[in-house]
$ cat final_33.csv   # CSV, C-alpha atoms
chain,number,residue,atom,x,y,z
A,1285,MET,CA,-33.7,19.1,-4.5
A,1286,PRO,CA,-33.7,21.1,-7.8
A,1287,PRO,CA,-31.6,19.5,-10.5
A,1288,ALA,CA,-29.7,22.9,-11.0
A,1289,LEU,CA,-28.6,22.8,-7.4
A,1290,ILE,CA,-27.4,19.2,-7.7
A,1291,ALA,CA,-25.4,20.1,-10.8
A,1292,GLU,CA,-23.9,23.1,-9.1
A,1293,GLN,CA,-22.8,21.0,-6.1
A,1294,ILE,CA,-21.3,18.4,-8.5
A,1295,LEU,CA,-19.3,21.2,-10.1
A,1296,ASN,CA,-18.2,22.4,-6.7
A,1297,GLY,CA,-17.0,18.9,-5.8
A,1298,LEU,CA,-15.2,18.7,-9.1
A,1299,GLN,CA,-13.5,22.0,-8.5
A,1300,PHE,CA,-12.5,21.0,-5.0
A,1301,GLY,CA,-11.2,17.7,-6.4
A,1302,VAL,CA,-9.0,19.1,-9.1
A,1303,MET,CA,-7.4,21.6,-6.6
A,1304,LEU,CA,-6.7,18.6,-4.3
A,1305,PHE,CA,-5.1,16.9,-7.3
A,1306,LEU,CA,-2.5,19.7,-7.6
A,1307,MET,CA,-1.5,19.1,-4.0
A,1308,ALA,CA,-1.7,15.3,-4.2
A,1309,ALA,CA,0.1,14.9,-7.5
A,1310,GLY,CA,3.3,16.4,-6.1
A,1311,LEU,CA,3.0,14.5,-2.9
A,1312,THR,CA,2.5,11.2,-4.6
A,1313,LEU,CA,5.5,11.8,-6.9
A,1314,ILE,CA,7.7,12.7,-3.9
A,1315,PHE,CA,6.6,9.7,-1.9
A,1316,GLY,CA,6.6,7.3,-4.9
A,1317,VAL,CA,10.1,8.3,-6.2
A,1318,MET,CA,11.9,9.1,-3.0
A,1319,GLY,CA,10.0,7.1,-0.4
A,1320,LEU,CA,9.8,10.3,1.6
A,1321,ILE,CA,6.9,11.3,3.9
A,1322,ASN,CA,6.9,15.1,3.5
A,1323,LEU,CA,4.6,16.8,6.1
A,1324,ALA,CA,5.9,20.2,5.0
A,1325,HIS,CA,4.2,19.9,1.6
A,1326,GLY,CA,1.3,22.0,2.9
A,1327,SER,CA,3.7,24.7,3.7
A,1328,LEU,CA,4.7,25.0,0.1
A,1329,TYR,CA,1.0,25.4,-0.7
A,1330,MET,CA,1.0,28.3,1.7
A,1331,VAL,CA,4.2,29.8,0.2
A,1332,GLY,CA,2.6,29.8,-3.2
A,1333,ALA,CA,-0.5,31.6,-1.9
A,1334,PHE,CA,1.5,34.3,-0.1
A,1335,ALA,CA,3.8,34.8,-3.0
A,1336,ALA,CA,0.8,35.2,-5.3
A,1337,ALA,CA,-0.9,37.7,-2.9
A,1338,ALA,CA,2.2,39.8,-2.6
A,1339,VAL,CA,2.9,39.9,-6.4
A,1340,ALA,CA,-0.7,40.6,-7.2
A,1341,GLY,CA,-0.8,43.4,-4.7
A,1342,ALA,CA,2.3,44.9,-6.2
A,1343,THR,CA,1.6,44.5,-9.9
A,1344,GLY,CA,-2.2,44.0,-10.2
A,1345,SER,CA,-1.5,41.0,-12.5
A,1346,PHE,CA,-3.1,37.7,-11.6
A,1347,LEU,CA,-1.0,35.9,-14.3
A,1348,LEU,CA,2.2,37.2,-12.8
A,1349,ALA,CA,0.9,36.2,-9.3
A,1350,LEU,CA,0.5,32.6,-10.6
A,1351,ILE,CA,4.0,32.5,-12.1
A,1352,ALA,CA,5.4,33.9,-8.8
A,1353,ALA,CA,3.5,31.3,-6.8
A,1354,MET,CA,4.9,28.4,-8.8
A,1355,THR,CA,8.4,29.9,-8.9
A,1356,ALA,CA,8.6,30.7,-5.2
A,1357,ALA,CA,7.2,27.3,-4.1
A,1358,ALA,CA,9.5,25.4,-6.5
A,1359,LEU,CA,12.6,27.4,-5.3
A,1360,ALA,CA,11.6,26.8,-1.7
A,1361,GLY,CA,11.1,23.1,-2.4
A,1362,ALA,CA,14.4,22.8,-4.2
A,1363,LEU,CA,16.2,24.6,-1.3
A,1364,MET,CA,14.4,22.4,1.2
A,1365,GLU,CA,15.4,19.3,-0.6
A,1366,MET,CA,19.1,20.2,-0.9
A,1367,VAL,CA,19.5,21.5,2.6
A,1368,VAL,CA,17.3,19.2,4.7
A,1369,ILE,CA,15.5,16.5,2.8
A,1370,ARG,CA,18.6,15.1,1.1
A,1371,ARG,CA,19.8,14.0,4.5
A,1372,LEU,CA,16.7,12.0,5.3
A,1373,TYR,CA,16.4,9.5,2.4
A,1374,ALA,CA,18.4,6.9,4.2
A,1375,ARG,CA,16.6,7.5,7.5
A,1376,ASP,CA,13.4,5.8,8.7
A,1377,HIS,CA,10.0,7.4,8.3
A,1378,LEU,CA,9.8,8.6,11.9
A,1379,ASP,CA,12.9,10.8,11.3
A,1380,GLN,CA,11.3,12.1,8.1
A,1381,VAL,CA,8.1,12.9,9.9
A,1382,LEU,CA,9.8,14.7,12.8
A,1383,ALA,CA,12.1,16.7,10.4
A,1384,THR,CA,9.4,17.8,8.0
A,1385,PHE,CA,7.1,18.7,11.0
A,1386,ALA,CA,9.9,21.0,12.2
A,1387,LEU,CA,9.9,22.5,8.7
A,1388,ILE,CA,6.2,23.3,9.1
A,1389,LEU,CA,7.0,25.4,12.1
A,1390,VAL,CA,9.9,27.1,10.3
A,1391,PHE,CA,7.8,28.0,7.3
A,1392,SER,CA,4.9,29.2,9.5
A,1393,GLU,CA,6.9,31.4,11.7
A,1394,GLY,CA,9.0,32.7,8.8
A,1395,THR,CA,5.8,33.6,6.8
A,1396,ARG,CA,4.4,35.3,9.9
A,1397,TRP,CA,7.6,37.3,10.3
A,1398,LEU,CA,7.5,38.4,6.7
A,1399,PHE,CA,3.8,39.1,6.2
A,1400,GLY,CA,2.3,39.4,9.7
A,1401,SER,CA,-0.4,37.4,11.3
A,1402,PHE,CA,-3.4,38.9,9.5
A,1403,PRO,CA,-4.8,37.2,6.4
A,1404,LEU,CA,-4.0,38.7,3.0
A,1405,HIS,CA,-6.5,39.2,0.2
A,1406,LEU,CA,-6.0,37.9,-3.4
A,1407,ASP,CA,-8.5,39.3,-5.9
A,1408,ILE,CA,-10.1,37.2,-8.6
A,1409,PRO,CA,-9.1,38.7,-12.0
A,1410,ALA,CA,-11.7,40.9,-13.6
A,1411,ALA,CA,-12.1,38.7,-16.6
A,1412,LEU,CA,-13.1,35.8,-14.4
A,1413,LYS,CA,-15.5,37.6,-12.1
A,1414,GLY,CA,-19.2,36.9,-12.2
A,1415,PRO,CA,-21.3,33.9,-13.2
A,1416,VAL,CA,-21.5,32.1,-16.5
A,1417,THR,CA,-24.7,30.4,-17.8
A,1418,LEU,CA,-24.2,26.7,-18.4
A,1419,PRO,CA,-26.6,24.4,-20.4
A,1420,GLY,CA,-29.8,23.9,-18.5
A,1421,GLY,CA,-29.8,27.5,-17.2
A,1422,ILE,CA,-27.3,26.8,-14.4
A,1423,GLU,CA,-25.5,29.9,-13.2
A,1424,TYR,CA,-22.0,29.1,-12.0
A,1425,PRO,CA,-19.1,31.3,-11.0
A,1426,ARG,CA,-16.7,31.8,-13.9
A,1427,TYR,CA,-13.6,31.6,-11.8
A,1428,ARG,CA,-14.5,28.2,-10.3
A,1429,LEU,CA,-15.2,26.9,-13.8
A,1430,ALA,CA,-11.7,28.2,-14.8
A,1431,LEU,CA,-10.2,26.4,-11.8
A,1432,ILE,CA,-11.7,23.1,-13.1
A,1433,GLY,CA,-10.3,23.8,-16.6
A,1434,ILE,CA,-6.8,24.7,-15.2
A,1435,GLY,CA,-6.7,21.7,-12.9
A,1436,LEU,CA,-7.7,19.2,-15.7
A,1437,THR,CA,-5.2,20.9,-18.1
A,1438,VAL,CA,-2.4,20.5,-15.6
A,1439,ALA,CA,-3.4,16.9,-15.0
A,1440,GLY,CA,-3.2,16.2,-18.8
A,1441,GLY,CA,0.2,18.0,-19.1
A,1442,LEU,CA,1.6,16.1,-16.1
A,1443,GLY,CA,0.4,12.8,-17.5
A,1444,LEU,CA,2.2,13.6,-20.8
A,1445,LEU,CA,5.3,14.6,-18.9
A,1446,ILE,CA,5.4,11.3,-17.0
A,1447,THR,CA,4.6,9.0,-19.9
A,1448,ARG,CA,6.1,10.7,-23.0
A,1449,THR,CA,9.3,12.5,-21.9
A,1450,ARG,CA,12.8,11.4,-20.9
A,1451,LEU,CA,12.4,13.0,-17.5
A,1452,GLY,CA,9.1,11.1,-17.0
A,1453,ILE,CA,10.9,7.8,-17.9
A,1454,ARG,CA,13.5,8.6,-15.3
A,1455,ILE,CA,10.9,9.4,-12.7
A,1456,ARG,CA,9.0,6.2,-13.4
A,1457,ALA,CA,12.2,4.2,-13.3
A,1458,GLY,CA,13.2,5.9,-10.1
A,1459,GLU,CA,9.9,4.7,-8.5
A,1460,ASN,CA,10.7,1.1,-9.5
A,1461,ASP,CA,14.5,0.8,-8.9
A,1462,ARG,CA,16.4,3.9,-7.9
A,1463,GLU,CA,19.7,2.0,-7.5
A,1464,MET,CA,19.6,0.6,-11.0
A,1465,ILE,CA,19.0,4.0,-12.7
A,1466,ALA,CA,21.8,5.4,-10.5
A,1467,ALA,CA,24.1,2.6,-11.8
A,1468,LEU,CA,23.1,3.5,-15.4
A,1469,GLY,CA,24.5,7.0,-15.0
A,1470,VAL,CA,21.5,9.0,-14.0
A,1471,ASP,CA,22.3,11.7,-11.5
A,1472,ILE,CA,19.8,10.6,-8.8
A,1473,SER,CA,20.4,13.6,-6.6
A,1474,ARG,CA,19.6,16.0,-9.5
A,1475,LEU,CA,16.5,13.9,-10.3
A,1476,TYR,CA,15.3,14.1,-6.7
A,1477,THR,CA,15.7,17.8,-6.7
A,1478,ILE,CA,13.8,18.2,-9.9
A,1479,VAL,CA,10.9,16.0,-8.7
A,1480,PHE,CA,10.7,17.8,-5.4
A,1481,ALA,CA,10.7,21.2,-7.1
A,1482,LEU,CA,8.0,20.0,-9.5
A,1483,GLY,CA,5.8,18.8,-6.7
A,1484,ALA,CA,6.4,22.0,-4.8
A,1485,GLY,CA,5.5,24.1,-7.8
A,1486,LEU,CA,2.2,22.3,-8.2
A,1487,ALA,CA,1.4,22.8,-4.5
A,1488,GLY,CA,2.2,26.5,-4.9
A,1489,LEU,CA,-0.1,26.8,-7.9
A,1490,ALA,CA,-2.9,25.2,-6.0
A,1491,GLY,CA,-2.3,27.7,-3.1
A,1492,ALA,CA,-2.5,30.7,-5.4
A,1493,LEU,CA,-5.6,29.5,-7.2
A,1494,VAL,CA,-7.5,28.7,-4.0
A,1495,GLY,CA,-6.2,31.8,-2.3
A,1496,ALA,CA,-8.5,33.9,-4.5
A,1497,ILE,CA,-11.6,32.3,-3.1
A,1498,GLN,CA,-10.3,31.8,0.5
A,1499,SER,CA,-8.2,33.8,2.8
A,1500,VAL,CA,-4.4,33.6,2.5
A,1501,GLN,CA,-3.2,33.0,6.0
A,1502,VAL,CA,-0.5,31.2,8.0
A,1503,GLY,CA,-1.2,27.5,8.5
A,1504,MET,CA,-3.6,27.3,5.5
A,1505,GLY,CA,-1.8,24.3,4.0
A,1506,GLU,CA,-2.2,21.8,6.9
A,1507,PRO,CA,-5.9,21.0,6.5
A,1508,VAL,CA,-5.4,20.5,2.8
A,1509,LEU,CA,-2.3,18.3,3.4
A,1510,ILE,CA,-4.5,15.8,5.4
A,1511,LEU,CA,-6.9,15.5,2.5
A,1512,ALA,CA,-4.0,15.1,0.0
A,1513,PHE,CA,-2.7,12.1,2.0
A,1514,VAL,CA,-6.2,10.6,1.9
A,1515,VAL,CA,-6.2,11.2,-1.9
A,1516,ILE,CA,-2.9,9.4,-2.5
A,1517,VAL,CA,-3.9,6.5,-0.3
A,1518,ILE,CA,-7.2,6.1,-2.2
A,1519,GLY,CA,-5.6,6.5,-5.6
A,1520,GLY,CA,-2.4,4.6,-5.0
A,1521,ILE,CA,1.0,5.9,-4.0
A,1522,GLY,CA,3.1,7.0,-7.0
A,1523,SER,CA,0.2,7.0,-9.5
A,1524,ILE,CA,-0.7,10.3,-11.1
A,1525,ARG,CA,-3.9,8.8,-12.6
A,1526,GLY,CA,-4.7,7.5,-9.1
A,1527,ALA,CA,-4.1,11.0,-7.6
A,1528,LEU,CA,-6.6,12.5,-10.1
A,1529,VAL,CA,-9.3,9.9,-9.6
A,1530,GLY,CA,-8.8,9.9,-5.9
A,1531,ALA,CA,-8.9,13.7,-5.7
A,1532,ILE,CA,-12.2,13.8,-7.7
A,1533,LEU,CA,-13.7,11.1,-5.5
A,1534,VAL,CA,-12.7,12.9,-2.3
A,1535,GLY,CA,-14.0,16.3,-3.7
A,1536,LEU,CA,-17.3,14.9,-4.7
A,1537,THR,CA,-17.8,12.8,-1.6
A,1538,ASP,CA,-17.0,15.8,0.7
A,1539,THR,CA,-19.1,18.3,-1.2
A,1540,LEU,CA,-22.1,16.1,-1.9
A,1541,GLY,CA,-22.0,14.4,1.5
A,1542,GLY,CA,-22.4,17.8,3.2
A,1543,ILE,CA,-25.4,18.6,1.1
A,1544,PHE,CA,-27.3,15.3,0.8
A,1545,LEU,CA,-26.7,13.6,4.1
A,1546,PRO,CA,-28.6,16.2,6.2
A,1547,GLU,CA,-31.4,16.1,3.5
A,1548,PHE,CA,-31.6,12.3,3.8
A,1549,PHE,CA,-31.8,12.2,7.6
A,1550,ARG,CA,-34.4,15.0,7.4
A,1551,LEU,CA,-36.8,12.5,5.9
A,1552,PHE,CA,-37.3,10.7,9.2
A,1553,LEU,CA,-35.7,12.9,11.9
A,1554,ASP,CA,-36.4,16.4,13.1
A,1555,PRO,CA,-34.5,19.1,11.3
A,1556,ALA,CA,-32.0,19.9,14.1
A,1557,THR,CA,-31.1,16.2,14.7
A,1558,ALA,CA,-30.9,15.6,11.0
A,1559,ALA,CA,-28.5,18.6,10.5
A,1560,ASN,CA,-26.2,17.5,13.3
A,1561,LEU,CA,-26.1,13.9,12.3
A,1562,GLY,CA,-25.7,14.6,8.6
A,1563,ALA,CA,-22.9,17.1,9.3
A,1564,SER,CA,-21.1,14.6,11.5
A,1565,LEU,CA,-21.3,11.8,8.9
A,1566,ALA,CA,-20.4,14.1,6.1
A,1567,SER,CA,-17.1,15.0,7.9
A,1568,MET,CA,-16.3,11.3,8.1
A,1569,ALA,CA,-17.5,10.3,4.6
A,1570,ILE,CA,-14.1,10.6,2.9
A,1571,TYR,CA,-12.4,8.5,5.6
A,1572,ILE,CA,-15.2,5.9,5.2
A,1573,LEU,CA,-14.5,6.0,1.5
A,1574,MET,CA,-10.8,5.5,2.1
A,1575,ALA,CA,-11.4,2.5,4.4
A,1576,ALA,CA,-13.7,0.9,1.8
A,1577,VAL,CA,-11.1,1.3,-0.9
A,1578,LEU,CA,-8.4,-0.1,1.3
A,1579,ILE,CA,-10.5,-3.1,2.2
A,1580,ARG,CA,-10.9,-3.9,-1.5
A,1581,ARG,CA,-7.5,-2.8,-2.7
A,1582,PRO,CA,-4.9,-2.3,0.1
A,1583,THR,CA,-2.5,-0.5,-2.4
A,1584,GLY,CA,-5.2,1.9,-3.6
A,1585,LEU,CA,-7.1,2.0,-6.8
A,1586,PHE,CA,-4.1,2.4,-9.1
A,1587,GLY,CA,-1.3,1.4,-6.8
A,1588,ALA,CA,1.0,-1.5,-7.7
A,1589,ARG,CA,-0.1,-4.7,-6.2
A,1590,ALA,CA,2.0,-5.9,-3.3

$ encode --input "final_33.csv" --output "structure tokens"
Amino acid sequence: MPPALIAEQILNGLQFGVMLFLMAAGLTLIFGVMGLINLAHGSLYMVGAFAAAAVAGATGSFLLALIAAMTAAALAGALMEMVVIRRLYARDHLDQVLATFALILVFSEGTRWLFGSFPLHLDIPAALKGPVTLPGGIEYPRYRLALIGIGLTVAGGLGLLITRTRLGIRIRAGENDREMIAALGVDISRLYTIVFALGAGLAGLAGALVGAIQSVQVGMGEPVLILAFVVIVIGGIGSIRGALVGAILVGLTDTLGGIFLPEFFRLFLDPATAANLGASLASMAIYILMAAVLIRRPTGLFGARA
């Protein structure tokens, strides 16, 4: 396989990974701080994509579309936390799963009622259309390269927020001992709402960015949610660094597995069998990776040891 094609696929895997990180970072914060299993997190990804498509269609501005996506998802997340989620913190995980699954249905049908059943289109901004030539003569889409840059920038900013700000100190303290920080005078309900809105805004941003290269449609968040859960299990629940590393590992494994496994089996099998077997194993590769990590480190790569 030509080196340029290998490099292109590595970049595709990295781009997929950093988009997964935007989903997984909010999910791991919510679960780490609140101990809440939120199946409706993928719906916030969908809300961001639809908000971006609607605003971009009305204004023609992709920047305004991104701002609208983050704002709409954050507001939806804050409202969800105050109206529904707040009543679930003291309940067991089964109640949380059932309630947030119901929210998926509410968001899906509400979005269908507002926008219809047909997919919406979100255009790539003109400045980011076309390819860019990278070292080695590799032609790579400018927009996908921008996605990598945006994702890594957000990861750096989120890391600084968690480690260098008063809010970040409270978030980390809330992960370790929420009763103690409440006793010290921190408004835990307000902290939970802020964390939930932050996680929702990141999911909405991811939905808007990916919506420009995929279709914006009802239910688009559920497949990504499954991968986001895989990411936080691999990286370690509550760890932003773990979410980033886990997301990149999942992105590279999924992308490169789909390319190289069929090629590998083609060395000693007929093309049709090699393609089928390679595709089947590629779809399982990220779960095999997760199992391997859990065997070695049951709490994930960067999770706190039990």

$ closest_atom_pairs --input "final_33.csv" --of "region 1429-1541 of chain A" --to "region 1378-1395 of chain A" --cutoff "10 Å" --atoms "only C-alpha atoms" --output "JSON lines"
{"residue": "A:Gln1501", "atom": "CA", "partner": "A:Thr1395", "partner_atom": "CA", "distance": 9.1}
{"residue": "A:Val1502", "atom": "CA", "partner": "A:Ser1392", "partner_atom": "CA", "distance": 6.0}
{"residue": "A:Gly1503", "atom": "CA", "partner": "A:Ser1392", "partner_atom": "CA", "distance": 6.4}
{"residue": "A:Met1504", "atom": "CA", "partner": "A:Ser1392", "partner_atom": "CA", "distance": 9.6}
{"residue": "A:Gly1505", "atom": "CA", "partner": "A:Ile1388", "partner_atom": "CA", "distance": 9.5}
{"residue": "A:Glu1506", "atom": "CA", "partner": "A:Ile1388", "partner_atom": "CA", "distance": 8.8}

$ closest_residue --input "final_33.csv" --among "A:Gly1584, A:Gly1562, A:Pro1507, A:Gly1495" --to "Gly1332 (chain A)" --atoms "all atoms listed in the file"
A:Gly1495

$ closest_residue --input "final_33.csv" --among "A:Ala1430, A:Ala1569, A:Ile1290, A:Ala1466" --to "Leu1412 (chain A)" --atoms "only C-alpha atoms"
A:Ala1430

$ atom_distance --input "final_33.csv" --atom1 "CA of Thr1437 (chain A)" --atom2 "CA of Ile1472 (chain A)"
28.6 Å

$ residues_around --input "final_33.csv" --residues "Thr1539 (chain A)" --least-positions-apart "6" --cutoff "9 Å" --atoms "only C-alpha atoms" --output "number ranges by chain"
A: 1293-1294, 1296-1298, 1300, 1566

$ residues_around --input "final_33.csv" --residues "Ala1362 (chain A)" --least-positions-apart "4" --cutoff "8 Å" --atoms "all atoms listed in the file" --output "PyMOL selection string"
chain A and resi 1358+1366+1477-1478+1480-1481

$ atom_distance --input "final_33.csv" --atom1 "CA of Leu1289 (chain A)" --atom2 "CA of Phe1552 (chain A)"
22.3 Å

$ residues_around --input "final_33.csv" --residues "region 1543-1547 of chain A" --least-positions-apart "5" --cutoff "9 Å" --atoms "all atoms listed in the file" --output "PyMOL selection string"
chain A and resi 1285+1293+1538+1555+1557-1563+1565-1566

$ atom_distance --input "final_33.csv" --atom1 "CA of Ile1516 (chain A)" --atom2 "CA of Arg1428 (chain A)"
23.4 Å

$ closest_residue --input "final_33.csv" --among "A:Arg1456, A:Leu1431, A:Asn1322, A:Glu1463" --to "Gly1301 (chain A)" --atoms "only C-alpha atoms"
A:Leu1431

$ closest_residue --input "final_33.csv" --among "A:Leu1372, A:Val1500, A:Leu1442, A:Leu1348" --to "Arg1396 (chain A)" --atoms "all atoms listed in the file"
A:Val1500

$ closest_residue --input "final_33.csv" --among "A:Pro1403, A:Gly1319, A:Gly1530, A:Gly1452" --to "Val1577 (chain A)" --atoms "all atoms listed in the file"
A:Gly1530

$ closest_residue --input "final_33.csv" --among "A:Ala1335, A:Ile1455, A:Ala1309, A:Leu1304" --to "Thr1355 (chain A)" --atoms "all atoms listed in the file"
A:Ala1335

$ build_atoms --input "final_33.csv" --residues "region 1327-1344 of chain A" --atoms "N, CA and C atoms" --output "compact mmCIF listing (two decimals), keeping the file's coordinate frame"
# COMPACT_ATOMS: atom_id res chain seq x y z
N SER A 1327 3.08 23.44 3.58
CA SER A 1327 3.70 24.70 3.70
C SER A 1327 4.09 25.34 2.38
N LEU A 1328 4.41 24.49 1.40
CA LEU A 1328 4.70 25.00 0.10
C LEU A 1328 3.45 25.52 -0.62
N TYR A 1329 2.30 24.91 -0.32
CA TYR A 1329 1.00 25.40 -0.70
C TYR A 1329 0.81 26.85 -0.19
N MET A 1330 1.15 27.02 1.09
CA MET A 1330 1.00 28.30 1.70
C MET A 1330 2.01 29.33 1.11
N VAL A 1331 3.23 28.90 0.83
CA VAL A 1331 4.20 29.80 0.20
C VAL A 1331 3.71 30.30 -1.14
N GLY A 1332 3.11 29.41 -1.93
CA GLY A 1332 2.60 29.80 -3.20
C GLY A 1332 1.46 30.86 -3.06
N ALA A 1333 0.58 30.66 -2.08
CA ALA A 1333 -0.50 31.60 -1.90
C ALA A 1333 -0.01 32.97 -1.44
N PHE A 1334 0.96 33.00 -0.52
CA PHE A 1334 1.50 34.30 -0.10
C PHE A 1334 2.28 34.98 -1.16
N ALA A 1335 3.05 34.22 -1.94
CA ALA A 1335 3.80 34.80 -3.00
C ALA A 1335 2.83 35.44 -4.06
N ALA A 1336 1.75 34.72 -4.35
CA ALA A 1336 0.80 35.20 -5.30
C ALA A 1336 0.10 36.50 -4.78
N ALA A 1337 -0.27 36.51 -3.50
CA ALA A 1337 -0.90 37.70 -2.90
C ALA A 1337 0.01 38.88 -2.94
N ALA A 1338 1.29 38.66 -2.63
CA ALA A 1338 2.20 39.80 -2.60
C ALA A 1338 2.47 40.33 -4.01
N VAL A 1339 2.65 39.46 -5.00
CA VAL A 1339 2.90 39.90 -6.40
C VAL A 1339 1.67 40.56 -6.98
N ALA A 1340 0.50 39.97 -6.72
CA ALA A 1340 -0.70 40.60 -7.20
C ALA A 1340 -0.97 41.94 -6.62
N GLY A 1341 -0.66 42.09 -5.34
CA GLY A 1341 -0.80 43.40 -4.70
C GLY A 1341 0.13 44.43 -5.25
N ALA A 1342 1.33 44.00 -5.66
CA ALA A 1342 2.30 44.90 -6.20
C ALA A 1342 2.15 45.28 -7.63
N THR A 1343 1.67 44.31 -8.42
CA THR A 1343 1.60 44.50 -9.90
C THR A 1343 0.17 44.59 -10.40
N GLY A 1344 -0.79 44.03 -9.67
CA GLY A 1344 -2.20 44.00 -10.20
C GLY A 1344 -2.40 42.91 -11.20
